[in-house]
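Engineer: Contents of structure31.csv (CSV, C-alpha atoms):
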```csv
chain,number,residue,atom,x,y,z
C,1452,MET,CA,0.0,0.0,0.0
C,1453,GLU,CA,1.4,3.4,-1.0
C,1454,LEU,CA,1.8,5.8,2.0
C,1455,ILE,CA,1.0,9.5,1.4
C,1456,PRO,CA,3.8,11.8,2.5
C,1457,PHE,CA,3.3,14.1,5.4
C,1458,LYS,CA,2.3,17.6,4.3
C,1459,GLU,CA,4.8,19.1,6.8
C,1460,LYS,CA,8.2,17.6,7.3
C,1461,VAL,CA,8.8,15.5,10.4
C,1462,TRP,CA,12.2,16.5,11.6
C,1463,LEU,CA,14.9,14.4,13.3
C,1464,SER,CA,15.0,16.9,16.2
C,1465,SER,CA,14.0,20.6,15.7
C,1466,PRO,CA,13.7,23.4,18.3
C,1467,THR,CA,10.5,23.4,20.4
C,1468,MET,CA,9.8,27.0,21.4
C,1469,HIS,CA,7.3,28.1,24.1
C,1470,GLY,CA,7.2,32.0,24.0
C,1471,ASP,CA,9.2,32.7,27.1
C,1472,GLU,CA,12.3,32.8,24.9
C,1473,LEU,CA,11.0,36.0,23.2
C,1474,ARG,CA,10.4,37.7,26.5
C,1475,TYR,CA,14.0,37.4,27.6
C,1476,VAL,CA,15.4,38.3,24.1
C,1477,THR,CA,13.2,41.4,24.1
C,1478,GLU,CA,14.4,42.2,27.6
C,1479,ALA,CA,18.0,42.1,26.3
C,1480,TYR,CA,17.0,44.4,23.5
C,1481,GLU,CA,15.1,46.9,25.5
C,1482,THR,CA,17.8,47.2,28.2
C,1483,ASN,CA,20.5,47.3,25.5
C,1484,TRP,CA,22.4,44.4,26.9
C,1485,MET,CA,23.1,42.9,23.5
C,1486,SER,CA,26.8,41.9,24.0
C,1487,THR,CA,28.5,39.2,26.1
C,1488,VAL,CA,27.3,40.4,29.5
C,1489,GLY,CA,23.8,40.7,31.0
C,1490,ALA,CA,21.2,39.2,33.2
C,1491,ASN,CA,20.3,36.3,30.9
C,1492,ILE,CA,23.9,35.0,31.0
C,1493,ASN,CA,24.0,35.3,34.7
C,1494,GLU,CA,20.7,33.6,35.2
C,1495,ILE,CA,21.5,30.6,32.9
C,1496,GLU,CA,24.9,30.0,34.5
C,1497,GLU,CA,23.4,30.0,37.9
C,1498,ALA,CA,20.5,27.7,36.8
C,1499,ILE,CA,22.7,25.2,35.0
C,1500,SER,CA,25.3,25.0,37.8
C,1501,LYS,CA,22.5,24.3,40.3
C,1502,LYS,CA,20.7,21.8,38.0
C,1503,ILE,CA,23.9,19.8,37.2
C,1504,GLY,CA,25.4,20.2,40.7
C,1505,VAL,CA,28.7,21.9,39.8
C,1506,GLU,CA,30.6,24.8,41.3
C,1507,GLY,CA,30.8,26.9,38.1
C,1508,ALA,CA,29.1,27.0,34.7
C,1509,VAL,CA,30.5,29.3,32.0
C,1510,ALA,CA,28.3,30.3,29.1
C,1511,LEU,CA,30.2,30.1,25.7
C,1512,SER,CA,29.5,30.5,22.1
C,1513,ALA,CA,29.3,26.8,21.3
C,1514,GLY,CA,29.9,23.4,22.9
C,1515,THR,CA,33.0,23.2,20.7
C,1516,SER,CA,34.3,26.4,22.3
C,1517,ALA,CA,33.7,24.8,25.7
C,1518,LEU,CA,35.6,21.6,24.6
C,1519,HIS,CA,38.5,23.7,23.3
C,1520,LEU,CA,38.9,25.5,26.6
C,1521,ALA,CA,38.5,22.2,28.5
C,1522,MET,CA,41.6,21.0,26.6
C,1523,LYS,CA,43.5,24.1,27.8
C,1524,LEU,CA,42.3,23.4,31.4
C,1525,ALA,CA,43.5,19.8,31.0
C,1526,GLY,CA,46.9,21.1,29.9
C,1527,VAL,CA,47.0,19.3,26.5
C,1528,LYS,CA,50.2,20.1,24.7
C,1529,PRO,CA,51.5,19.4,21.2
C,1530,GLY,CA,52.2,15.7,20.8
C,1531,ASP,CA,50.1,14.6,23.9
C,1532,GLU,CA,48.0,11.5,23.3
C,1533,VAL,CA,44.4,11.9,24.4
C,1534,LEU,CA,42.0,9.0,24.8
C,1535,CYS,CA,38.7,9.8,23.1
C,1536,SER,CA,35.3,8.3,22.4
C,1537,ASP,CA,35.4,6.9,19.0
C,1538,MET,CA,31.7,6.9,17.9
C,1539,THR,CA,30.7,10.5,18.3
C,1540,PHE,CA,30.5,13.8,16.3
C,1541,SER,CA,33.8,15.2,15.3
C,1542,ALA,CA,33.4,18.2,17.5
C,1543,THR,CA,34.2,15.9,20.5
C,1544,VAL,CA,37.7,15.4,19.2
C,1545,ASN,CA,38.6,18.3,17.0
C,1546,PRO,CA,39.6,20.5,20.0
C,1547,VAL,CA,42.2,18.0,21.0
C,1548,VAL,CA,43.9,18.8,17.6
C,1549,TYR,CA,43.4,22.5,18.1
C,1550,GLU,CA,45.9,22.2,21.0
C,1551,GLY,CA,48.2,19.9,19.1
C,1552,GLY,CA,47.2,16.8,20.8
C,1553,VAL,CA,46.9,13.4,19.2
C,1554,PRO,CA,43.4,11.7,19.5
C,1555,VAL,CA,43.6,8.0,20.4
C,1556,PHE,CA,40.2,6.5,19.7
C,1557,VAL,CA,38.6,4.0,22.1
C,1558,ASP,CA,36.0,1.6,20.8
C,1559,SER,CA,32.4,1.5,21.9
C,1560,GLU,CA,30.5,-1.3,23.7
C,1561,TYR,CA,27.1,-2.7,22.9
C,1562,ASP,CA,25.5,-2.1,26.3
C,1563,SER,CA,25.4,1.7,25.9
C,1564,TRP,CA,27.0,2.4,22.5
C,1565,ASN,CA,29.4,4.6,24.5
C,1566,MET,CA,33.1,4.2,25.3
C,1567,ASP,CA,34.0,0.6,26.4
C,1568,PRO,CA,35.6,0.7,29.9
C,1569,VAL,CA,37.5,-2.5,29.0
C,1570,ALA,CA,38.9,-0.9,25.9
C,1571,LEU,CA,39.8,2.2,27.9
C,1572,GLU,CA,41.8,0.1,30.3
C,1573,ARG,CA,43.6,-1.5,27.3
C,1574,ALA,CA,44.2,2.0,25.9
C,1575,PHE,CA,46.1,3.0,29.0
C,1576,GLU,CA,48.2,-0.2,28.7
C,1577,LEU,CA,49.1,0.6,25.1
C,1578,HIS,CA,49.4,4.4,25.6
C,1579,PRO,CA,50.7,4.8,29.2
C,1580,GLY,CA,51.6,8.5,28.6
C,1581,ALA,CA,48.0,9.5,28.1
C,1582,LYS,CA,46.7,11.7,30.9
C,1583,VAL,CA,43.5,13.0,29.4
C,1584,VAL,CA,40.3,11.2,28.5
C,1585,VAL,CA,37.4,12.7,26.5
C,1586,LEU,CA,34.2,10.8,27.0
C,1587,ALA,CA,30.9,11.5,25.1
C,1588,HIS,CA,27.4,10.4,26.2
C,1589,LEU,CA,26.0,9.3,22.8
C,1590,TYR,CA,22.4,10.4,21.8
C,1591,GLY,CA,21.6,11.4,25.4
C,1592,THR,CA,22.4,8.0,27.0
C,1593,PRO,CA,25.0,8.0,29.8
C,1594,ALA,CA,28.1,5.9,29.5
C,1595,LYS,CA,29.3,3.6,32.2
C,1596,ILE,CA,30.6,6.6,33.9
C,1597,ASP,CA,31.4,5.1,37.3
C,1598,GLU,CA,33.7,2.5,35.7
C,1599,ILE,CA,35.3,5.1,33.4
C,1600,ARG,CA,35.8,7.6,36.2
C,1601,ALA,CA,37.5,4.8,38.4
C,1602,ILE,CA,39.8,3.9,35.5
C,1603,CYS,CA,40.8,7.5,35.0
C,1604,ASP,CA,41.5,8.0,38.7
C,1605,ALA,CA,43.6,4.8,38.8
C,1606,HIS,CA,45.8,6.2,36.0
C,1607,GLY,CA,45.8,9.8,37.2
C,1608,ALA,CA,43.9,11.0,34.1
C,1609,TYR,CA,41.9,14.2,33.7
C,1610,LEU,CA,38.4,13.4,32.5
C,1611,VAL,CA,36.6,15.7,30.1
C,1612,GLU,CA,32.9,14.8,30.0
C,1613,ASP,CA,31.2,15.7,26.7
C,1614,ALA,CA,27.6,15.9,27.8
C,1615,ALA,CA,26.6,18.0,24.7
C,1616,GLU,CA,23.8,15.6,23.8
C,1617,SER,CA,22.8,14.5,27.3
C,1618,LEU,CA,21.6,17.5,29.3
C,1619,GLY,CA,19.2,16.3,31.9
C,1620,ALA,CA,20.3,12.6,31.7
C,1621,THR,CA,21.4,10.9,34.9
C,1622,PHE,CA,23.5,8.0,36.1
C,1623,LYS,CA,22.6,6.6,39.5
C,1624,GLY,CA,20.7,9.8,40.1
C,1625,GLN,CA,23.7,12.1,39.3
C,1626,GLU,CA,23.5,14.5,36.3
C,1627,THR,CA,25.8,13.9,33.4
C,1628,GLY,CA,28.3,16.7,33.0
C,1629,SER,CA,29.2,16.5,36.8
C,1630,PHE,CA,31.3,13.4,36.8
C,1631,GLY,CA,34.4,14.7,35.0
C,1632,ASN,CA,37.0,17.2,36.0
C,1633,VAL,CA,35.2,19.4,33.5
C,1634,GLY,CA,31.9,18.8,31.6
C,1635,VAL,CA,30.5,20.4,28.5
C,1636,ILE,CA,26.9,20.8,27.2
C,1637,SER,CA,25.6,22.2,24.0
C,1638,PHE,CA,22.6,24.4,23.1
C,1639,ASN,CA,22.8,23.9,19.3
C,1640,GLY,CA,19.6,24.2,17.4
C,1641,ASN,CA,18.8,20.5,17.4
C,1642,LYS,CA,19.5,19.9,21.1
C,1643,ILE,CA,16.9,19.1,23.8
C,1644,ILE,CA,17.3,22.7,25.1
C,1645,THR,CA,18.4,25.2,22.5
C,1646,GLY,CA,19.6,28.8,22.1
C,1647,SER,CA,20.0,28.3,18.4
C,1648,SER,CA,23.7,28.1,19.3
C,1649,GLY,CA,25.8,28.2,22.4
C,1650,GLY,CA,27.4,25.9,24.9
C,1651,MET,CA,28.6,25.8,28.5
C,1652,LEU,CA,31.7,24.5,30.4
C,1653,LEU,CA,31.0,22.9,33.8
C,1654,THR,CA,33.5,22.7,36.5
C,1655,HIS,CA,33.8,21.9,40.2
C,1656,SER,CA,36.4,24.7,40.6
C,1657,GLU,CA,35.4,28.3,40.7
C,1658,ALA,CA,39.0,29.2,40.0
C,1659,ASP,CA,38.8,27.2,36.7
C,1660,ALA,CA,35.5,28.8,35.9
C,1661,ASN,CA,37.1,32.2,36.2
C,1662,ARG,CA,40.1,31.2,34.1
C,1663,VAL,CA,37.7,30.1,31.3
C,1664,ARG,CA,35.7,33.3,31.5
C,1665,LYS,CA,38.9,35.2,31.1
C,1666,TRP,CA,40.2,33.1,28.1
C,1667,SER,CA,36.8,33.4,26.5
C,1668,THR,CA,36.9,37.2,26.5
C,1669,GLN,CA,40.3,37.5,24.8
C,1670,SER,CA,42.2,37.1,28.1
C,1671,ARG,CA,41.9,40.7,29.0
C,1672,GLU,CA,43.8,41.5,32.3
C,1673,ASN,CA,42.3,43.7,35.0
C,1674,ALA,CA,43.9,46.9,33.8
C,1675,PRO,CA,42.4,50.3,32.7
C,1676,TRP,CA,43.7,49.6,29.2
C,1677,TYR,CA,43.7,46.5,27.0
C,1678,GLN,CA,46.4,44.4,28.7
C,1679,HIS,CA,47.0,40.8,27.5
C,1680,GLU,CA,49.4,38.4,29.1
C,1681,GLU,CA,48.1,35.1,27.6
C,1682,LEU,CA,46.3,33.9,24.5
C,1683,GLY,CA,42.6,34.6,24.5
C,1684,TYR,CA,39.5,33.8,22.4
C,1685,ASN,CA,36.2,35.4,21.4
C,1686,TYR,CA,34.2,32.5,22.9
C,1687,ARG,CA,31.7,34.2,25.3
C,1688,MET,CA,28.0,33.7,24.8
C,1689,SER,CA,25.8,36.6,23.7
C,1690,ASN,CA,23.2,37.8,26.2
C,1691,VAL,CA,20.6,37.5,23.4
C,1692,ILE,CA,21.4,33.8,22.8
C,1693,ALA,CA,21.3,33.4,26.6
C,1694,GLY,CA,17.8,34.8,26.6
C,1695,VAL,CA,16.6,32.0,24.3
C,1696,ILE,CA,18.2,29.4,26.6
C,1697,ARG,CA,16.7,31.1,29.7
C,1698,GLY,CA,13.3,30.8,28.2
C,1699,GLN,CA,13.9,27.1,27.3
C,1700,LEU,CA,15.3,25.8,30.6
C,1701,PRO,CA,12.0,25.5,32.5
C,1702,TYR,CA,10.8,23.1,29.9
C,1703,LEU,CA,13.7,20.6,30.1
C,1704,ASP,CA,11.8,17.9,32.0
C,1705,GLU,CA,8.8,18.3,29.7
C,1706,HIS,CA,11.0,17.9,26.6
C,1707,ILE,CA,12.6,14.8,28.2
C,1708,ALA,CA,9.2,13.2,28.9
C,1709,GLN,CA,8.1,13.8,25.3
C,1710,LYS,CA,11.3,12.3,24.0
C,1711,LYS,CA,11.0,9.3,26.3
C,1712,ALA,CA,7.4,8.7,25.0
C,1713,ILE,CA,8.7,8.7,21.4
C,1714,TYR,CA,11.4,6.1,22.3
C,1715,GLU,CA,8.9,3.9,24.0
C,1716,ARG,CA,6.4,4.1,21.1
C,1717,TYR,CA,9.2,3.0,18.7
C,1718,GLN,CA,10.2,0.2,21.1
C,1719,GLU,CA,6.6,-1.1,21.3
C,1720,GLY,CA,5.7,-0.5,17.6
C,1721,LEU,CA,8.9,-2.3,16.3
C,1722,LYS,CA,8.6,-5.4,18.5
C,1723,GLY,CA,7.7,-7.6,15.5
C,1724,SER,CA,10.6,-6.4,13.3
C,1725,PRO,CA,14.2,-7.7,13.3
C,1726,VAL,CA,15.5,-4.6,15.0
C,1727,SER,CA,16.2,-3.3,18.5
C,1728,MET,CA,16.4,0.2,19.9
C,1729,ASN,CA,19.5,1.9,21.2
C,1730,PRO,CA,20.2,0.3,24.6
C,1731,ILE,CA,19.7,1.9,28.1
C,1732,PRO,CA,22.3,0.7,30.6
C,1733,GLN,CA,21.4,-0.2,34.1
C,1734,ASP,CA,21.3,2.7,36.5
C,1735,SER,CA,20.9,5.2,33.6
C,1736,GLU,CA,18.1,7.6,32.9
C,1737,PRO,CA,18.7,9.1,29.4
C,1738,ASN,CA,17.3,12.3,28.1
C,1739,TYR,CA,16.2,10.3,25.0
C,1740,TRP,CA,17.5,13.1,22.7
C,1741,LEU,CA,17.5,10.8,19.7
C,1742,SER,CA,15.8,7.4,19.3
C,1743,CYS,CA,18.0,5.1,17.3
C,1744,MET,CA,17.7,1.5,16.1
C,1745,ILE,CA,20.0,-1.3,15.0
C,1746,ILE,CA,19.1,-4.1,12.5
C,1747,ASP,CA,19.6,-7.7,13.6
C,1748,PRO,CA,22.7,-9.2,11.9
C,1749,ASP,CA,20.8,-11.9,10.1
C,1750,ALA,CA,18.3,-9.3,8.8
C,1751,MET,CA,20.9,-7.1,7.1
C,1752,ALA,CA,20.8,-6.8,3.4
C,1753,PRO,CA,24.0,-6.2,1.5
C,1754,HIS,CA,25.1,-2.6,2.3
C,1755,VAL,CA,28.3,-0.7,1.8
C,1756,ARG,CA,29.4,2.9,2.1
C,1757,GLY,CA,32.0,4.7,0.1
C,1758,GLU,CA,33.5,8.0,1.4
C,1759,GLN,CA,30.3,9.9,0.3
C,1760,GLU,CA,27.8,7.5,-1.3
C,1761,PRO,CA,26.1,4.3,0.0
C,1762,LEU,CA,25.2,1.3,-2.0
C,1763,TYR,CA,22.7,-1.4,-1.0
C,1764,ARG,CA,20.8,-4.3,-2.5
C,1765,THR,CA,17.2,-5.2,-1.6
C,1766,GLU,CA,16.6,-8.7,-0.3
C,1767,LEU,CA,13.3,-10.4,0.8
C,1768,GLY,CA,12.8,-10.1,4.5
C,1769,LYS,CA,16.0,-8.0,5.0
C,1770,SER,CA,16.9,-4.3,4.9
C,1771,SER,CA,19.7,-1.8,5.5
C,1772,PRO,CA,20.0,1.6,7.1
C,1773,THR,CA,20.2,3.4,3.8
C,1774,GLU,CA,17.1,1.6,2.4
C,1775,ILE,CA,15.1,2.5,5.6
C,1776,LEU,CA,16.4,6.2,5.6
C,1777,GLU,CA,15.3,6.5,2.0
C,1778,ALA,CA,11.9,5.0,2.7
C,1779,ILE,CA,11.4,7.4,5.7
C,1780,ALA,CA,12.5,10.4,3.5
C,1781,ALA,CA,9.9,9.3,0.9
C,1782,ILE,CA,7.1,10.2,3.3
C,1783,ASN,CA,8.8,13.6,4.2
C,1784,ALA,CA,10.4,12.5,7.5
C,1785,GLU,CA,14.1,13.0,8.5
C,1786,GLY,CA,16.3,10.2,9.8
C,1787,ARG,CA,20.1,10.1,9.9
C,1788,PRO,CA,22.9,7.6,9.9
C,1789,ILE,CA,24.6,6.8,13.2
C,1790,TRP,CA,27.7,8.9,13.8
C,1791,LYS,CA,30.5,7.4,11.7
C,1792,PRO,CA,33.3,6.4,14.1
C,1793,MET,CA,36.3,8.7,14.2
C,1794,HIS,CA,38.8,6.0,13.4
C,1795,LEU,CA,37.0,5.5,10.0
C,1796,GLN,CA,37.2,9.2,9.1
C,1797,PRO,CA,39.7,10.1,6.4
C,1798,ILE,CA,41.1,12.9,8.5
C,1799,PHE,CA,42.0,10.5,11.4
C,1800,ARG,CA,42.8,7.3,9.5
C,1801,MET,CA,46.4,7.3,10.8
C,1802,ASN,CA,45.4,7.8,14.5
C,1803,PRO,CA,45.6,5.0,16.9
C,1804,PHE,CA,42.4,3.0,17.6
C,1805,VAL,CA,42.0,0.6,20.6
C,1806,THR,CA,39.4,-2.1,21.1
C,1807,ARG,CA,39.1,-4.4,24.1
C,1808,GLU,CA,41.2,-6.8,22.1
C,1809,GLY,CA,44.0,-4.3,21.8
C,1810,ASP,CA,45.3,-2.4,18.8
C,1811,GLY,CA,42.2,-2.0,16.6
C,1812,ARG,CA,43.6,-0.9,13.3
C,1813,CYS,CA,44.1,-4.4,11.9
C,1814,LEU,CA,40.6,-5.4,13.3
C,1815,THR,CA,39.0,-2.5,11.4
C,1816,ASN,CA,40.4,-3.6,8.1
C,1817,ALA,CA,39.3,-7.2,8.7
C,1818,TYR,CA,35.8,-6.1,9.8
C,1819,ILE,CA,35.3,-4.0,6.7
C,1820,ALA,CA,36.3,-7.1,4.7
C,1821,GLY,CA,33.6,-9.1,6.5
C,1822,GLY,CA,35.6,-10.8,9.3
C,1823,SER,CA,37.2,-10.0,12.7
C,1824,VAL,CA,35.0,-11.5,15.4
C,1825,GLY,CA,35.9,-12.3,18.9
C,1826,ALA,CA,35.6,-15.4,21.0
C,1827,ASP,CA,32.0,-14.5,21.7
C,1828,GLY,CA,31.2,-14.4,18.0
C,1829,LYS,CA,30.6,-10.6,18.0
C,1830,PRO,CA,32.6,-8.1,16.0
C,1831,MET,CA,35.6,-6.8,17.8
C,1832,ASP,CA,35.3,-3.4,16.1
C,1833,VAL,CA,32.0,-2.5,17.8
C,1834,GLY,CA,31.7,1.1,16.6
C,1835,ALA,CA,32.0,0.0,13.0
C,1836,ASP,CA,29.4,-2.6,13.5
C,1837,ILE,CA,26.9,-0.2,15.0
C,1838,PHE,CA,27.5,2.3,12.3
C,1839,GLN,CA,27.0,-0.4,9.7
C,1840,ARG,CA,23.7,-1.6,11.1
C,1841,GLY,CA,22.2,1.4,12.9
C,1842,LEU,CA,20.3,4.6,12.2
C,1843,CYS,CA,18.8,7.6,14.0
C,1844,LEU,CA,15.0,7.8,13.7
C,1845,PRO,CA,12.8,10.9,13.5
C,1846,SER,CA,12.7,12.0,17.2
C,1847,ASP,CA,11.1,15.4,17.1
C,1848,ASN,CA,9.0,16.0,20.2
C,1849,LYS,CA,6.4,17.7,18.1
C,1850,MET,CA,5.8,14.5,16.1
C,1851,THR,CA,2.3,13.2,16.7
C,1852,PRO,CA,1.6,9.5,17.6
C,1853,SER,CA,-0.2,9.0,14.2
C,1854,GLN,CA,2.9,10.4,12.4
C,1855,GLN,CA,5.1,8.0,14.3
C,1856,ASP,CA,2.8,5.1,13.6
C,1857,LYS,CA,3.2,5.8,9.9
C,1858,ILE,CA,7.0,5.9,10.3
C,1859,ILE,CA,6.9,2.6,12.1
C,1860,GLU,CA,4.8,1.2,9.3
C,1861,VAL,CA,7.3,2.3,6.7
C,1862,ILE,CA,10.2,0.6,8.7
C,1863,GLU,CA,8.2,-2.6,8.9
C,1864,GLY,CA,7.5,-2.5,5.2
C,1865,CYS,CA,11.3,-2.5,4.5
C,1866,PHE,CA,11.5,-6.0,5.9
C,1867,ALA,CA,8.4,-7.3,4.1
```
Turn the structure described in the file into structure tokens.

Structural biologist:
Amino acid sequence: MELIPFKEKVWLSSPTMHGDELRYVTEAYETNWMSTVGANINEIEEAISKKIGVEGAVALSAGTSALHLAMKLAGVKPGDEVLCSDMTFSATVNPVVYEGGVPVFVDSEYDSWNMDPVALERAFELHPGAKVVVLAHLYGTPAKIDEIRAICDAHGAYLVEDAAESLGATFKGQETGSFGNVGVISFNGNKIITGSSGGMLLTHSEADANRVRKWSTQSRENAPWYQHEELGYNYRMSNVIAGVIRGQLPYLDEHIAQKKAIYERYQEGLKGSPVSMNPIPQDSEPNYWLSCMIIDPDAMAPHVRGEQEPLYRTELGKSSPTEILEAIAAINAEGRPIWKPMHLQPIFRMNPFVTREGDGRCLTNAYIAGGSVGADGKPMDVGADIFQRGLCLPSDNKMTPSQQDKIIEVIEGCFA
């Protein structure tokens, strides 16, 4: 049966506005506080530090800006190896390179799709000089943060917690972004709380928060003229952007509840299909930013990706991420591939990659060729496997149940 496309596009995750945002933006305009100081900035820094449970929160122009200044706080120097989440957006690791560091990618694990603690321990064995770890909480689901924190502590490593996607998510009741030496959140346009742009650095040290504020405003010294004694950046958040975020923050719990309902509808609606949803580890409460799914290995149709174009073949009773994404797009809904792991990116193809089995570079080549499984029969290059079989589903919290039902019907049809 042919399905009629939606008249209005169902987005992956678009901003959900409530009206309060305009009030605070107007206040910035009417009081003429249009630059990088003002009440909106002060209010959101205080609100976020209280919500997350940290000493200081510094409002910046982007999550990437916050990650860059986190690298400076961590003391990353040219040539330093930094152990990083592998399956993430490139913004997680690019700031390592900004400071001259060398990202060493640590494989994912199936329980959470996040950094594998076993692989992290192996990474310290193979790269004993590494003293900084950058951990991302993928799609709003917390990593096994207590295990990872313990490993970092045992090796005297500084933990940078990339919670850009996971604002409001908790592990054992504690907010993500509060476990690391520093944390980072994002207010990009597709995040669960948005300012259209913007980010924030979170720290347990007020002294570090003040250092970041100084760096982010061109490192101007306390002098009557423009005095500069260290390198600075134009990274401070605008009071106008902060007004949008200030109006959004009261609705965080509401947004999370809406996103959770979407995840649970997918989970129930796809029960009869050879797929499973992105996992939720024990003791975790995600913010359900994006609902994702992975196709069962025996239901995967032939599917390969070049550097920019995919190729797949249709088989009876089987499907592939590209076929499903094209079918969803045909009814005017937006899905996305899973983040392509960093160790598969051309820019990082020479960087070290570590799995729980050890040096992962040879495993990656074998996996792409169709091999490389461990003693348990599972692929040893977990991130590459999830990328190959997974996809992000339309997760917009304005999507209606009937729209979601149609999307589920389209997915099921791909396996007919």

Engineer: Can you write out as JSON lines which residues of stretch 1700-1813 of chain C fall within 8 Å of stretch 1542-1558 of chain C, alongside each residue's closest atom pair and its distance in Å to one decimal, counting all atoms listed in the file and ordering rows by chain and ascending residue number?

Structural biologist:
```
{"residue": "C:Met1793", "atom": "CA", "partner": "C:Phe1556", "partner_atom": "CA", "distance": 7.1}
{"residue": "C:His1794", "atom": "CA", "partner": "C:Phe1556", "partner_atom": "CA", "distance": 6.5}
{"residue": "C:Asn1802", "atom": "CA", "partner": "C:Val1555", "partner_atom": "CA", "distance": 6.2}
{"residue": "C:Pro1803", "atom": "CA", "partner": "C:Val1555", "partner_atom": "CA", "distance": 5.0}
{"residue": "C:Phe1804", "atom": "CA", "partner": "C:Phe1556", "partner_atom": "CA", "distance": 4.6}
{"residue": "C:Val1805", "atom": "CA", "partner": "C:Val1557", "partner_atom": "CA", "distance": 5.0}
{"residue": "C:Thr1806", "atom": "CA", "partner": "C:Asp1558", "partner_atom": "CA", "distance": 5.0}
{"residue": "C:Arg1807", "atom": "CA", "partner": "C:Asp1558", "partner_atom": "CA", "distance": 7.5}
```

Engineer: Could the residues in this selection be saved with C-alpha atoms as a PDB file, keeping the file's coordinate frame?

Structural biologist:
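Printed below is result.pdb as written:
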```pdb
ATOM      1  CA  MET C1793      36.300   8.700  14.200  1.00  0.00           C
ATOM      2  CA  HIS C1794      38.800   6.000  13.400  1.00  0.00           C
ATOM      3  CA  ASN C1802      45.400   7.800  14.500  1.00  0.00           C
ATOM      4  CA  PRO C1803      45.600   5.000  16.900  1.00  0.00           C
ATOM      5  CA  PHE C1804      42.400   3.000  17.600  1.00  0.00           C
ATOM      6  CA  VAL C1805      42.000   0.600  20.600  1.00  0.00           C
ATOM      7  CA  THR C1806      39.400  -2.100  21.100  1.00  0.00           C
ATOM      8  CA  ARG C1807      39.100  -4.400  24.100  1.00  0.00           C
TER       9      ARG C1807
END
```

Engineer: Just how far from atom CA of C:Gly1640 is atom CA of C:Leu1586, in Å to one decimal?

Structural biologist: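 Atom CA of C:Leu1586 sits 22.0 Å away from atom CA of C:Gly1640.
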
Engineer: Please report, as CSV, each residue of stretch 1677-1732 of chain C lying at most 9 Å from stretch 1855-1865 of chain C, together with the nearest pair of atoms and the separation in Å rounded to one decimal; use only C-alpha atoms, and order rows by chain and ascending residue number.

Structural biologist:
```
residue,atom,partner,partner_atom,distance
C:Ile1713,CA,C:Gln1855,CA,8.0
C:Arg1716,CA,C:Gln1855,CA,7.9
C:Tyr1717,CA,C:Ile1859,CA,7.0
C:Gly1720,CA,C:Ile1859,CA,6.4
C:Leu1721,CA,C:Ile1859,CA,6.8
C:Gly1723,CA,C:Glu1863,CA,8.3
C:Ser1724,CA,C:Glu1863,CA,6.3
```

Engineer: Could those selected residues go to a file with C-alpha atoms, as a short mmCIF file (atom, residue, chain, number, x, y, z; two decimals), keeping the file's coordinate frame?

Structural biologist:
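That gives us out.cif:
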```cif
data_model
loop_
_atom_site.label_atom_id
_atom_site.label_comp_id
_atom_site.auth_asym_id
_atom_site.auth_seq_id
_atom_site.Cartn_x
_atom_site.Cartn_y
_atom_site.Cartn_z
CA ILE C 1713 8.70 8.70 21.40
CA ARG C 1716 6.40 4.10 21.10
CA TYR C 1717 9.20 3.00 18.70
CA GLY C 1720 5.70 -0.50 17.60
CA LEU C 1721 8.90 -2.30 16.30
CA GLY C 1723 7.70 -7.60 15.50
CA SER C 1724 10.60 -6.40 13.30
#
```

Engineer: Counting all atoms listed in the file, figure out which residue out of C:Phe1575, C:Tyr1677, C:Tyr1590, C:Trp1484 gets nearest to C:Met1538.

Structural biologist: C:Tyr1590

Engineer: Between C:Leu1571, C:His1469, C:Met1850, C:Gly1694, single out the one closest to C:Asn1493, counting all atoms listed in the file.

Structural biologist: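 That would be C:Gly1694, the residue with the smallest distance to C:Asn1493.
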
Engineer: Can you work out which one of C:Leu1511, C:Ala1867, C:Ile1696, C:Leu1762 has the shortest atom-to-atom distance to C:Arg1474, counting all atoms listed in the file?

Structural biologist: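 Using all atoms listed in the file, the shortest distance to C:Arg1474 belongs to C:Ile1696.
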
Engineer: Could I get the residues of stretch 1702-1763 of chain C with an atom no further than 7 Å from an atom of stretch 1834-1842 of chain C, each paired with its nearest atom pair and that distance in Å to one decimal, using all atoms listed in the file, sorted by chain and residue number, as a tab-separated table?

Structural biologist:
```
residue	atom	partner	partner_atom	distance
C:Cys1743	CA	C:Leu1842	CA	5.6
C:Met1744	CA	C:Gly1841	CA	5.5
C:Ile1745	CA	C:Gly1841	CA	4.1
C:Ile1746	CA	C:Arg1840	CA	5.4
```

Engineer: Report as an MDAnalysis selection string all protein, DNA and RNA residues lying within 9 Å of stretch 1463-1467 of chain C, evaluated on only C-alpha atoms, omitting residues in the same chain fewer than 6 positions from it.

Structural biologist: chainID C and resid 1640:1647 1699 1706 1740:1741 1784:1787 1843:1849

Engineer: Report, in Å to a single decimal, how far apart atom CA of C:Pro1568 and atom CA of C:Met1831 are.

Structural biologist: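 Spanning atom CA of C:Met1831 to atom CA of C:Pro1568 is a straight-line distance of 14.2 Å.
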
Engineer: Quick one: of C:Tyr1475, C:Trp1666, C:Phe1799, C:Tyr1763, who's nearest to C:Gly1683, counting only C-alpha atoms?

Structural biologist: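 Of C:Tyr1475, C:Trp1666, C:Phe1799, C:Tyr1763, the one nearest C:Gly1683, counting only C-alpha atoms, is C:Trp1666.
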
Engineer: Can you find the residues with an atom no farther than 7 Å from (8.7, 15.2, 8.5), counting all atoms listed in the file, and report them as a list in words?

Structural biologist: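 Those within range, by chain then number, are Phe1457, Glu1459, Lys1460, Val1461, Trp1462, Asn1783, Ala1784 and Glu1785 of chain C.
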
Engineer: One number please: atom CA of C:His1578 to atom CA of C:Cys1603, in Å, one decimal.

Structural biologist: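 The value is 13.1 Å.
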